[in-house]
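Let me begin by presenting the structure, written as structure tokens, before commenting on it.
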There are 6 protein chains.
Amino acid sequence: MIRGDRDDSVGPELPGSVIRAAVETALAEDLGWGDVTSDTLVPAGLEASAVMVARQAGVVAGLEVAREVFLAVDASLDVELLARDGATVEAGAALLRVSGRARSILAGERVALNFVQRLSGTASLAARFVEAVRGTGARIVDTRKTTPGLRVLEKYAVRCGGAHNHRFHLGDAVLLKDNHRAAIAAAGETLAQAVARARASLPHTVTIEIEVDTAAELEQALEAQPDAILLDNMAPEELRVSVRRIRQARPGTRIEASGGVTLLTVRAMAETGVDLISVGALTHSAPAFDASLDFRIGGVAP
Amino acid sequence: MIRGDRDDSVGPELPGSVIRAAVETALAEDLGWGDVTSDTLVPAGLEASAVMVARQAGVVAGLEVAREVFLAVDASLDVELLARDGATVEAGAALLRVSGRARSILAGERVALNFVQRLSGTASLAARFVEAVRGTGARIVDTRKTTPGLRVLEKYAVRCGGAHNHRFHLGDAVLLKDNHRAAIAAAGETLAQAVARARASLPHTVTIEIEVDTAAELEQALEAQPDAILLDNMAPEELRVSVRRIRQARPGTRIEASGGVTLLTVRAMAETGVDLISVGALTHSAPAFDASLDFRIGGVAP
Amino acid sequence: MIRGDRDDSVGPELPGSVIRAAVETALAEDLGWGDVTSDTLVPAGLEASAVMVARQAGVVAGLEVAREVFLAVDASLDVELLARDGATVEAGAALLRVSGRARSILAGERVALNFVQRLSGTASLAARFVEAVRGTGARIVDTRKTTPGLRVLEKYAVRCGGAHNHRFHLGDAVLLKDNHRAAIAAAGETLAQAVARARASLPHTVTIEIEVDTAAELEQALEAQPDAILLDNMAPEELRVSVRRIRQARPGTRIEASGGVTLLTVRAMAETGVDLISVGALTHSAPAFDASLDFRIGGVAP
Amino acid sequence: MIRGDRDDSVGPELPGSVIRAAVETALAEDLGWGDVTSDTLVPAGLEASAVMVARQAGVVAGLEVAREVFLAVDASLDVELLARDGATVEAGAALLRVSGRARSILAGERVALNFVQRLSGTASLAARFVEAVRGTGARIVDTRKTTPGLRVLEKYAVRCGGAHNHRFHLGDAVLLKDNHRAAIAAAGETLAQAVARARASLPHTVTIEIEVDTAAELEQALEAQPDAILLDNMAPEELRVSVRRIRQARPGTRIEASGGVTLLTVRAMAETGVDLISVGALTHSAPAFDASLDFRIGGVAP
Amino acid sequence: MIRGDRDDSVGPELPGSVIRAAVETALAEDLGWGDVTSDTLVPAGLEASAVMVARQAGVVAGLEVAREVFLAVDASLDVELLARDGATVEAGAALLRVSGRARSILAGERVALNFVQRLSGTASLAARFVEAVRGTGARIVDTRKTTPGLRVLEKYAVRCGGAHNHRFHLGDAVLLKDNHRAAIAAAGETLAQAVARARASLPHTVTIEIEVDTAAELEQALEAQPDAILLDNMAPEELRVSVRRIRQARPGTRIEASGGVTLLTVRAMAETGVDLISVGALTHSAPAFDASLDFRIGGVAP
Amino acid sequence: MIRGDRDDSVGPELPGSVIRAAVETALAEDLGWGDVTSDTLVPAGLEASAVMVARQAGVVAGLEVAREVFLAVDASLDVELLARDGATVEAGAALLRVSGRARSILAGERVALNFVQRLSGTASLAARFVEAVRGTGARIVDTRKTTPGLRVLEKYAVRCGGAHNHRFHLGDAVLLKDNHRAAIAAAGETLAQAVARARASLPHTVTIEIEVDTAAELEQALEAQPDAILLDNMAPEELRVSVRRIRQARPGTRIEASGGVTLLTVRAMAETGVDLISVGALTHSAPAFDASLDFRIGGVAP
């Protein structure tokens with residue numbers, strides 16, 4: 001848990017053990033047996049300072065992780081955050097300042113940037129989707145389509161962008177999809193029976209959501225009384241009809257839409273009245289945020 | 001090391017310990033305390049089979065990793081690769097078949113897809129860059145701008161796409177950049193002196209590459225007799241002049257170009273005669289490859 | 001994920017990676033540098049078989065983990081489960097049979113028993129609480145008062161005993177307690193404002209529960225419209241009044257009771273009409289289940 | 001290794017690497033992706049202090065571990081131990097004070113308490129057994145019936161309670177039991193021959209103990225000249241006879257008794273003159289020690 | 001725990017978890033991102049077989065570890081041990097045969113040899129010391145001067161060479177040295193008081209050994225009644241006098257000698273009548289055993 | 001990455017994550033469940049200081065690792081390096097001073113010494129080889145014949161001794177040996193074809209080296225145009241002829257010699273004009289460097 005240079009609206013802080021594990025893995029991967037460039041070309045005692053700078057506008061995330069990268073390389077470095085995770089910045093904005101041994105700064109540079117560029121990429125894309133649906137009342141949510149090993153960090157980035165999280169893992173909530181529907185049928189149960197059975201056995205904190213593709217499936221789903229219904233791959237008009245049907249049949253049910261969501265289509269979907277729109281692209285296809293580290297040589301330490 | 005359903009042109013196989021570590025991490029992250037959906041809705045004894053299918057054309061990578069995902073979930077699953085890592089496929093192509101316990105297949109589905117979608121995304125983007133420079137003699141190479149924790153897998157995907165790898169970590173080769181140049185100057189050395197010093201201390205297997213931004217820097221670099229020169233952020237005409245100068249001054253020096261490479265600009269760069277063009281986007285901004293798992297219920301095991 | 005000798009009513013299966021990690025840790029801890037007793041006194045080729053036997057009546061859990069213990073010690077052992085996790089057994093019941101190298105069976109004995117005794121202890125205590133409230137409609141649920149490092153396994157044991165799980169970790173659900181109430185007050189917010197703020201930022205799958213100690217707190221809680229209300233440390237009559245108030249004010253709200261629950265008091269609490277009764281003792285104070293391994297020497301392998 | 005707020009009579013200090021590993025595992029397990037309650041309801045800058053208080057009389061253990069929990073959550077917290085591991089305390093005693101960020105204290109609360117409650121539970125039960133045999137000259141010792149993953153910590157708690165440790169793992173000492181006896185017979189050796197063989201091969205620091213159930217087995221055991229003899233499941237009178245026989249035949253042999261030891265029976269066993277009484281319940285069935293964290297809001301940090 | 005191709009006189013088997021951890025670490029270290037030589041030059045389907053051959057006479061150790069290396073690289077390899085750990089072999093002896101994919105054999109070759117060469121080096125040096133004292137009744141024992149990370153494996157190799165193990169770690173036995181003596185004096189205790197205090201608090205399975213440098217220290221040590229006495233850095237005549245004194249004063253005390261032991265001096269030390277002679281060189285200075293892998297190309301698999 | 005008490009000529013610094021992992025593993029291995037000697041005999045509050053002293057002349061390495069050992073045991077210890085890694089010292093030289101809690105110093109002593117003795121042993125042997133070839137222009141290089149788990153540290157020690165590193169792992173460079181030659185032949189390729197194929201697929205930073213045993217093989221190798229040629233097991237005269245042939249045919253090719261190199265033979269090999277001589281003994285057979293920790297009791301802390 002980090003000391004607080006963050007925007008409180010981002011939601012839960014990243015646990016320190018999550019950050020430490022990610023940073024140690026990434027440094028081991030990038031440093032190998034040592035930095036043959038800096039450690040042979042840069043004098044051991046040379047001091048420097050560097051500023052991480054945004055090269056594009058967007059929403060930043062991962063600055064606290066970057067701080068831990070530099071401190072894990074060399075605990076004597078001095079690191080100051082100049083922006084908060086979740087902040088909207090312009091191109092040219094200064095994000096973080098680090099000063100101390102030149103070799104240490106150079107050793108941490110790429111890993112620190114890799115975290116910030118990836119997480120800010122997701123945060124910035126999330127922010128664009130959020131902007132696209134502003135005023136509609138719909139939430140943008142993420143999916144489990146994340147990078148293996150980085151799920152907690154990427155979902156944090158989604159929150160930094162103003163969007164919301166869906167399930168973190170398969171134990172978080174029931175999401176009943178077509179394959180489960182087929183299995184339930186094969187076992188000779190109705191959907192309502194199966195859902196009742198699940199509710200009877202699962203923690204009361206676990207919510208149940210059912211995915212439907214058609215109006216017929218929607219009727220079965222309503223009968224099963226889920227906490228949420230996911231309308232998958234429906235055209236806006238179909239969405240609108242389904243929303244109306246759910247609101248009337250079971251008010252209070254949260255309504256999610258998914259399937260082929262893009263920045264071009266998302267507003268039309270949001271305007272159908274759904275509560276949530278899930279976007280896999282936030283974590284599986286966000287381009288990196290452009291950032292770099294501007295480096296300035298200081299004196300040679302005595 | 002896996003048993004061989006791969007295209008030999010892909011280069012070194014993924015070491016088994018790399019695959020095992022990545023798969024175990026990803027499964028722990030995605031399964032949490034258990035799959036509340038499948039394990040309450042799908043009968044324990046239900047059998048099924050599923051086929052992973054490409055939903056777009058492209059180059060696939062990560063199928064061997066996906067196999068290990070399913071086997072790590074349940075060693076009794078039967079998994080067959082229907083395409084090789086590195087294969088070019090059409091939309092609709094069947095990539096992998098898995099059969100056995102329905103619950104086990106569903107538990108591994110998302111993680112297996114996450115690996116295949118991410119790695120095939122990189123492979124497919126790499127293949128488009130390779131295609132764009134076909135016939136020019138230029139290689140497309142990756143960078144260290146990879147996802148923290150996935151470097152070896154992502155660079156494997158780059159090879160699956162027909163592109164080439166650059167450094168895996170900071171110990172692999174000297175890449176002398178502007179910051180090092182400044183540090184060398186601050187220490188009162190010439191570039192040639194510093195490079196000679198590095199060569200005298202580093203393994204004979206370590207190659208030395210120098211990044212230059214201007215013609216003046218190029219002259220200094222040539223004096224230092226590196227194995228390779230990286231021409232950063234130069235316009236095609238400037239690249240062409242630089243290539244000519246290097247070929248004449250020190251034939252045999254490998255020439256790399258970098259900076260703002262896109263599918264639109266890469267061919268012009270390649271036609272300047274450079275040997276290598278490095279593209280950070282291969283690993284930091286490749287959109288996910290679209291794939292899904294088609295599931296079919298079998299009988300209930302006795 | 002294990003092959004299925006379990007009672008399906010137990011809920012989600014233990015993920016294989018959870019079992020593997022627990023077993024490897026426990027074996028490293030118990031074997032040290034080797035088994036000085038068996039490996040010096042028992043011939044290397046001696047074969048044996050052994051049966052794990054319940055020495056008391058109760059509900060068993062951990063048999064699948066025990067199987068993995070023996071296989072991790074020696075993959076050539078033959079292990080057969082004779083009872084399912086979640087089964088109610090009498091004293092003397094045979095639970096598991098293992099046969100093969102005598103040294104390997106002896107090396108795994110204590111670790112296998114430690115898992116089964118601890119997990120069956122929790123399952124059996126849970127079953128007694130469940131039995132005590134039978135017919136009342138109240139669920140027995142666990143808490144986060146688990147053994148460090150064994151949470152997923154212990155909560156699995158709770159399910160084996162027929163009770164239910166509450167939160168697995170701090171990210172699973174909001175549970176607003178007195179300390180949070182004080183912090184909210186210090187920040188100048190009302191409870192309802194704070195809860196609304198949380199709901200606006202958290203995943204839609206996250207449920208919100210508020211703990212109350214008094215009737216006044218209950219009124220504030222009702223205003224905040226949580227998914228569940230936890231009535232802490234109330235006498236049965238107070239509970240009954242509170243239940244009535246909640247059912248009338250916000251039907252559908254789940255009602256949990258906690259505080260000083262014992263086998264003697266739990267039924268009276270259940271009869272007040274609450275939905276859930278949380279019992280820390282299930283995981284923090286369950287005595288071990290009595291079991292042992294009956295060993296029989298076979299022949300010496302050729 | 002921790003800085004020393006402990007009672008020196010507790011014996012060897014817990015190695016720092018043992019504490020760090022246990023704490024990191026427990027925090028990862030309890031924090032998941034973040035604390036949804038505190039981090040959405042408690043302002044980031046709110047300061048607080050809290051005191052861990054005993055809710056029962058007993059012997060405390062794990063306070064040094066609890067300190068590391070809070071520091072691992074947030075290194076800026078200020079933690080002061082108010083009692084030492086191994087101290088006997090009354091209900092209401094203050095054990096530890098922590099102050100700093102309110103969110104950080106709340107994030108560490110449950111894990112810190114889980115360690116203290118479990119370890120103090122074992123220490124307190126051990127102390128009751130020690131008290132029950134006071135003046136008899138018999139030691140209370142633990143067994144390998146510990147919680148998987150927590151052996152070193154639980155055996156430390158046993159020492160905090162004034163009892164003693166037996167083997168930490170299978171490499172620590174020979175403990176020849178009935179199964180080994182059967183294997184030795186199957187191999188056609190006498191007990192004395194087998195023990196002599198073990199002594200000839202094992203480190204001179206490894207002691208040899210033989211378990212016996214009957215007078216006949218005792219005679220065989222004496223012939224084998226072990227360092228210690230374990231009298232299993234004998235009634236007090238039988239114990240007394242056996243002790244007399246051993247003292248006369250091989251004075252200096254340590255004598256251990258085991259089997260069905262309870263607080264009611266232990267003194268009679270101790271008065272038979274045995275040196276050690278092993279009690280599995282210390283680690284497998286100790287109820288949790290009751291403790292809680294009293295929390296007080298401070299100001300909001302600027 | 002491995003299936004038994006070992007000489008039973010070697011003592012406790014290497015636990016499987018020890019082997020697995022060592023092998024996985026070593027393979028990750030040696031394979032990096034892949035084998036650029038074999039995987040680009042050797043066809044994927046090429047089959048081969050190879051025999052590991054001793055290039056010198058000596059005692060072999062580590063063959064079971066080598067088998068696990070090859071199987072961890074590729075579970076489809078066929079590995080057969082041709083000698084047992086602990087066997088005395090001549091130069092030219094065949095130790096292990098592996099057959100299957102050529103690439104897999106080449107990938108495991110260096111790691112398998114590194115284990116066998118290092119462990120056989122220690123085993124062979126141990127065997128020479130054992131041979132040098134044959135008939136004297138003295139044991140050769142190792143020390144804690146082992147390679148960081150390999151202690152359990154190296155001490156296994158010591159046993160393979162016919163020598164014996166001393167402490168595995170600081171919790172195994174008391175070894176009171178000069179620094180402890182000074183600390184005891186500083187605290188105002190006598191040696192006998194301190195030892196009595198230790199005995200009162202430590203497990204009854206823990207033996208106590210005292211190191212002495214002079215006759216005066218020996219008298220103090222005898223007074224403290226330790227289980228063993230270590231005579232450090234004494235000349236043979238001094239050793240002889242000390243042995244006589246101990247045998248007369250406290251028969252049954254084990255006597256160890258240490259300090260500057262070489263193959264030239266060890267027999268004279270052994271003939272003084274000591275029970276044990278500890279030799280740090282067994283693990284800190286044993287030269288590698290010469291071995292290699294003879295490789296033969298098979299056919300190309302279809 | 002450590003703060004700089006090192007000789008800059010040693011080349012790349014040891015990454016902090018490499019040091020941390022090695023130290024934590026070694027401490028867990030050596031401390032077990034606690035230090036039964038110091039923690040029962042030395043008062044908890046006793047202060048001391050100690051100096052690590054060289055007991056022989058040589059080149060030291062591992063002092064920075066030793067510092068981390070003491071700090072990992074107890075962060076309150078004060079550690080000062082009195083020599084730099086890579087320094088040539090005389091017997092009696094003071095290397096490191098540590099002061100603080102006596103127990104903590106004693107707990108770290110053996111592990112700190114084990115690292116320094118092993119790494120300085122390798123550094124000192126490397127320095128002797130370097131000295132033996134002084135003036136010839138030949139480099140002494142290491143091999144992959146390192147201790148499993150310690151490769152990065154041992155290769156650092158080689159550099160401390162003034163020698164150079166060869167490959168760190170199989171991904172660093174192609175080293176085509178006799179087995180690969182056989183496989184290439186089996187596949188019906190010429191060496192030159194195979195090498196060209198490898199060059200076409202491998203990173204441009206990967207150098208290619210070919211091992212040859214005979215003049216005929218040398219001619220084939222030259223045709224393949226490798227970056228380096230390894231002349232294996234050739235007598236000096238044969239080496240001289242081969243060197244002449246390579247210099248004439250392909251000037252610029254680096255020439256390595258290997259096979260049975262000893263301190264007696266290495267100079268003759270160096271005088272043949274080769275560029276590099278690889279010596280497996282540096283890492284597989286270097287005897288430990290003699291060093292010890294001189295301990296002095298301070299006062300008892302209040």
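Residue numbering restarts at 1 in every chain; chains get A, B, ... in the order shown in the structure tokens, and ligands count up from 1 in that same order.
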### Task
Give me the residues within 7 Å of stretch 270-287 of chain D as number ranges by chain, counting only C-alpha atoms and dropping any in the same chain fewer than 3 places off.
C: 284-288; D: 121-122, 125-126, 133, 136-143, 145-147, 154, 236, 239-240, 243, 254-258, 261, 266-267
Find the nearest atom pair between each residue of chain C and chain A for residues within 9 Å, count only C-alpha atoms, give distances in Å to one decimal, sort rows by chain and ascending number, and present the table as JSON lines.
```
{"residue": "C:Ser9", "atom": "CA", "partner": "A:Ser201", "partner_atom": "CA", "distance": 7.5}
{"residue": "C:Val10", "atom": "CA", "partner": "A:Ser201", "partner_atom": "CA", "distance": 7.9}
{"residue": "C:Gly11", "atom": "CA", "partner": "A:Ser201", "partner_atom": "CA", "distance": 6.5}
{"residue": "C:Pro12", "atom": "CA", "partner": "A:Gly171", "partner_atom": "CA", "distance": 8.4}
{"residue": "C:Val141", "atom": "CA", "partner": "A:Pro203", "partner_atom": "CA", "distance": 8.2}
{"residue": "C:Arg159", "atom": "CA", "partner": "A:Ser201", "partner_atom": "CA", "distance": 8.4}
{"residue": "C:Gly162", "atom": "CA", "partner": "A:Ser201", "partner_atom": "CA", "distance": 8.8}
{"residue": "C:Ala163", "atom": "CA", "partner": "A:Ser201", "partner_atom": "CA", "distance": 8.7}
{"residue": "C:His164", "atom": "CA", "partner": "A:Pro203", "partner_atom": "CA", "distance": 6.0}
{"residue": "C:Asn165", "atom": "CA", "partner": "A:Pro203", "partner_atom": "CA", "distance": 5.0}
{"residue": "C:His166", "atom": "CA", "partner": "A:Pro203", "partner_atom": "CA", "distance": 5.6}
{"residue": "C:Arg167", "atom": "CA", "partner": "A:Thr205", "partner_atom": "CA", "distance": 7.1}
{"residue": "C:Gly171", "atom": "CA", "partner": "A:Pro12", "partner_atom": "CA", "distance": 8.4}
{"residue": "C:Asp172", "atom": "CA", "partner": "A:Asp172", "partner_atom": "CA", "distance": 7.0}
{"residue": "C:Ala173", "atom": "CA", "partner": "A:Thr205", "partner_atom": "CA", "distance": 6.5}
{"residue": "C:Ala198", "atom": "CA", "partner": "A:Gly11", "partner_atom": "CA", "distance": 8.4}
{"residue": "C:Ser201", "atom": "CA", "partner": "A:Gly11", "partner_atom": "CA", "distance": 6.5}
{"residue": "C:Leu202", "atom": "CA", "partner": "A:His164", "partner_atom": "CA", "distance": 6.9}
{"residue": "C:Pro203", "atom": "CA", "partner": "A:Asn165", "partner_atom": "CA", "distance": 5.1}
{"residue": "C:His204", "atom": "CA", "partner": "A:His166", "partner_atom": "CA", "distance": 7.1}
{"residue": "C:Thr205", "atom": "CA", "partner": "A:Thr207", "partner_atom": "CA", "distance": 5.7}
{"residue": "C:Val206", "atom": "CA", "partner": "A:Thr205", "partner_atom": "CA", "distance": 7.2}
{"residue": "C:Thr207", "atom": "CA", "partner": "A:Thr205", "partner_atom": "CA", "distance": 5.7}
{"residue": "C:Ile208", "atom": "CA", "partner": "A:Thr205", "partner_atom": "CA", "distance": 8.1}
{"residue": "C:Glu209", "atom": "CA", "partner": "A:Thr205", "partner_atom": "CA", "distance": 8.8}
{"residue": "C:Asp227", "atom": "CA", "partner": "A:Thr205", "partner_atom": "CA", "distance": 8.7}
{"residue": "C:Ala228", "atom": "CA", "partner": "A:Thr205", "partner_atom": "CA", "distance": 8.7}
{"residue": "C:Arg254", "atom": "CA", "partner": "A:His204", "partner_atom": "CA", "distance": 8.0}
{"residue": "C:Leu276", "atom": "CA", "partner": "A:His204", "partner_atom": "CA", "distance": 8.8}
```
Hey, can you spit out that residue selection with N, CA and C atoms as a PDB file, in the first residue's frame?
```pdb
ATOM      1  N   SER C   9     -22.220 -31.332  -3.864  1.00  0.00           N
ATOM      2  CA  SER C   9     -22.888 -30.273  -3.105  1.00  0.00           C
ATOM      3  C   SER C   9     -21.894 -29.382  -2.383  1.00  0.00           C
ATOM      4  N   VAL C  10     -20.636 -29.757  -2.420  1.00  0.00           N
ATOM      5  CA  VAL C  10     -19.611 -29.013  -1.689  1.00  0.00           C
ATOM      6  C   VAL C  10     -19.329 -27.658  -2.334  1.00  0.00           C
ATOM      7  N   GLY C  11     -19.770 -27.486  -3.573  1.00  0.00           N
ATOM      8  CA  GLY C  11     -19.531 -26.220  -4.250  1.00  0.00           C
ATOM      9  C   GLY C  11     -18.229 -26.269  -5.005  1.00  0.00           C
ATOM     10  N   PRO C  12     -17.708 -25.081  -5.387  1.00  0.00           N
ATOM     11  CA  PRO C  12     -16.541 -25.043  -6.268  1.00  0.00           C
ATOM     12  C   PRO C  12     -15.415 -25.967  -5.829  1.00  0.00           C
ATOM     13  N   VAL C 141     -22.259 -19.310   8.388  1.00  0.00           N
ATOM     14  CA  VAL C 141     -21.192 -18.837   7.482  1.00  0.00           C
ATOM     15  C   VAL C 141     -19.895 -18.617   8.265  1.00  0.00           C
ATOM     16  N   ARG C 159     -17.400 -25.532   3.578  1.00  0.00           N
ATOM     17  CA  ARG C 159     -18.439 -25.982   2.639  1.00  0.00           C
ATOM     18  C   ARG C 159     -18.645 -27.495   2.753  1.00  0.00           C
ATOM     19  N   GLY C 162     -21.170 -28.366   5.103  1.00  0.00           N
ATOM     20  CA  GLY C 162     -22.543 -27.954   4.834  1.00  0.00           C
ATOM     21  C   GLY C 162     -22.812 -26.502   5.177  1.00  0.00           C
ATOM     22  N   ALA C 163     -21.803 -25.817   5.699  1.00  0.00           N
ATOM     23  CA  ALA C 163     -21.979 -24.396   5.976  1.00  0.00           C
ATOM     24  C   ALA C 163     -21.582 -23.604   4.727  1.00  0.00           C
ATOM     25  N   HIS C 164     -21.626 -22.292   4.849  1.00  0.00           N
ATOM     26  CA  HIS C 164     -21.384 -21.445   3.683  1.00  0.00           C
ATOM     27  C   HIS C 164     -20.215 -20.507   3.914  1.00  0.00           C
ATOM     28  N   ASN C 165     -19.705 -19.971   2.819  1.00  0.00           N
ATOM     29  CA  ASN C 165     -18.584 -19.037   2.915  1.00  0.00           C
ATOM     30  C   ASN C 165     -19.071 -17.601   2.967  1.00  0.00           C
ATOM     31  N   HIS C 166     -18.320 -16.788   3.704  1.00  0.00           N
ATOM     32  CA  HIS C 166     -18.484 -15.339   3.642  1.00  0.00           C
ATOM     33  C   HIS C 166     -17.320 -14.836   2.775  1.00  0.00           C
ATOM     34  N   ARG C 167     -16.858 -13.626   2.970  1.00  0.00           N
ATOM     35  CA  ARG C 167     -15.789 -13.068   2.130  1.00  0.00           C
ATOM     36  C   ARG C 167     -14.502 -13.892   2.169  1.00  0.00           C
ATOM     37  N   GLY C 171     -11.345  -7.666  -0.906  1.00  0.00           N
ATOM     38  CA  GLY C 171     -11.861  -7.156  -2.166  1.00  0.00           C
ATOM     39  C   GLY C 171     -13.201  -7.763  -2.538  1.00  0.00           C
ATOM     40  N   ASP C 172     -13.699  -8.697  -1.736  1.00  0.00           N
ATOM     41  CA  ASP C 172     -14.891  -9.454  -2.137  1.00  0.00           C
ATOM     42  C   ASP C 172     -16.200  -8.732  -1.903  1.00  0.00           C
ATOM     43  N   ALA C 173     -16.272  -7.951  -0.853  1.00  0.00           N
ATOM     44  CA  ALA C 173     -17.524  -7.276  -0.523  1.00  0.00           C
ATOM     45  C   ALA C 173     -17.200  -6.174   0.460  1.00  0.00           C
ATOM     46  N   ALA C 198     -19.485   4.567  -2.396  1.00  0.00           N
ATOM     47  CA  ALA C 198     -18.854   3.267  -2.620  1.00  0.00           C
ATOM     48  C   ALA C 198     -19.531   2.531  -3.774  1.00  0.00           C
ATOM     49  N   SER C 201     -18.510   3.592  -7.145  1.00  0.00           N
ATOM     50  CA  SER C 201     -17.162   3.315  -7.643  1.00  0.00           C
ATOM     51  C   SER C 201     -16.844   1.835  -7.738  1.00  0.00           C
ATOM     52  N   LEU C 202     -17.523   1.003  -6.987  1.00  0.00           N
ATOM     53  CA  LEU C 202     -17.133  -0.409  -6.939  1.00  0.00           C
ATOM     54  C   LEU C 202     -17.812  -1.221  -8.037  1.00  0.00           C
ATOM     55  N   PRO C 203     -17.244  -2.390  -8.350  1.00  0.00           N
ATOM     56  CA  PRO C 203     -17.864  -3.283  -9.325  1.00  0.00           C
ATOM     57  C   PRO C 203     -19.315  -3.577  -8.949  1.00  0.00           C
ATOM     58  N   HIS C 204     -20.153  -3.752  -9.948  1.00  0.00           N
ATOM     59  CA  HIS C 204     -21.565  -4.036  -9.671  1.00  0.00           C
ATOM     60  C   HIS C 204     -21.739  -5.417  -9.049  1.00  0.00           C
ATOM     61  N   THR C 205     -20.689  -6.227  -9.090  1.00  0.00           N
ATOM     62  CA  THR C 205     -20.757  -7.559  -8.477  1.00  0.00           C
ATOM     63  C   THR C 205     -20.436  -7.510  -6.986  1.00  0.00           C
ATOM     64  N   VAL C 206     -20.005  -6.374  -6.491  1.00  0.00           N
ATOM     65  CA  VAL C 206     -19.637  -6.267  -5.082  1.00  0.00           C
ATOM     66  C   VAL C 206     -20.849  -5.884  -4.253  1.00  0.00           C
ATOM     67  N   THR C 207     -21.178  -6.719  -3.292  1.00  0.00           N
ATOM     68  CA  THR C 207     -22.315  -6.415  -2.431  1.00  0.00           C
ATOM     69  C   THR C 207     -21.843  -5.608  -1.226  1.00  0.00           C
ATOM     70  N   ILE C 208     -22.790  -4.927  -0.620  1.00  0.00           N
ATOM     71  CA  ILE C 208     -22.473  -4.035   0.494  1.00  0.00           C
ATOM     72  C   ILE C 208     -23.256  -4.461   1.726  1.00  0.00           C
ATOM     73  N   GLU C 209     -22.508  -4.665   2.814  1.00  0.00           N
ATOM     74  CA  GLU C 209     -23.109  -5.098   4.073  1.00  0.00           C
ATOM     75  C   GLU C 209     -22.692  -4.119   5.166  1.00  0.00           C
ATOM     76  N   ASP C 227     -27.043  -4.217   0.774  1.00  0.00           N
ATOM     77  CA  ASP C 227     -27.550  -5.529   0.374  1.00  0.00           C
ATOM     78  C   ASP C 227     -27.757  -6.430   1.573  1.00  0.00           C
ATOM     79  N   ALA C 228     -26.980  -6.183   2.625  1.00  0.00           N
ATOM     80  CA  ALA C 228     -27.078  -7.026   3.813  1.00  0.00           C
ATOM     81  C   ALA C 228     -26.780  -6.185   5.039  1.00  0.00           C
ATOM     82  N   ARG C 254     -30.505  -9.115   3.099  1.00  0.00           N
ATOM     83  CA  ARG C 254     -30.069 -10.304   3.840  1.00  0.00           C
ATOM     84  C   ARG C 254     -29.623  -9.879   5.245  1.00  0.00           C
ATOM     85  N   LEU C 276     -28.346 -15.394   8.133  1.00  0.00           N
ATOM     86  CA  LEU C 276     -26.975 -15.920   8.228  1.00  0.00           C
ATOM     87  C   LEU C 276     -26.457 -15.713   9.647  1.00  0.00           C
TER      88      LEU C 276
END
```
### Query
Distance atom CA of F:Glu109-atom CA of D:Leu150, one decimal place?
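That distance, rounded to one decimal, is 26.5 Å.
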### Query
Using only C-alpha atoms, which residues sit within 10 Å of F:Trp33 once same-chain residues fewer than 4 positions away are excluded, as a list in words?
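Residues near the query, excluding close chain neighbours: Pro12, Glu13, Leu14, Pro15, Val18, Arg151, Val152, Leu153, Lys155, Tyr156 and Phe168 of chain D; His169, Leu170, Gly171 and Asp172 of chain E; Ala28 and Glu29 of chain F.
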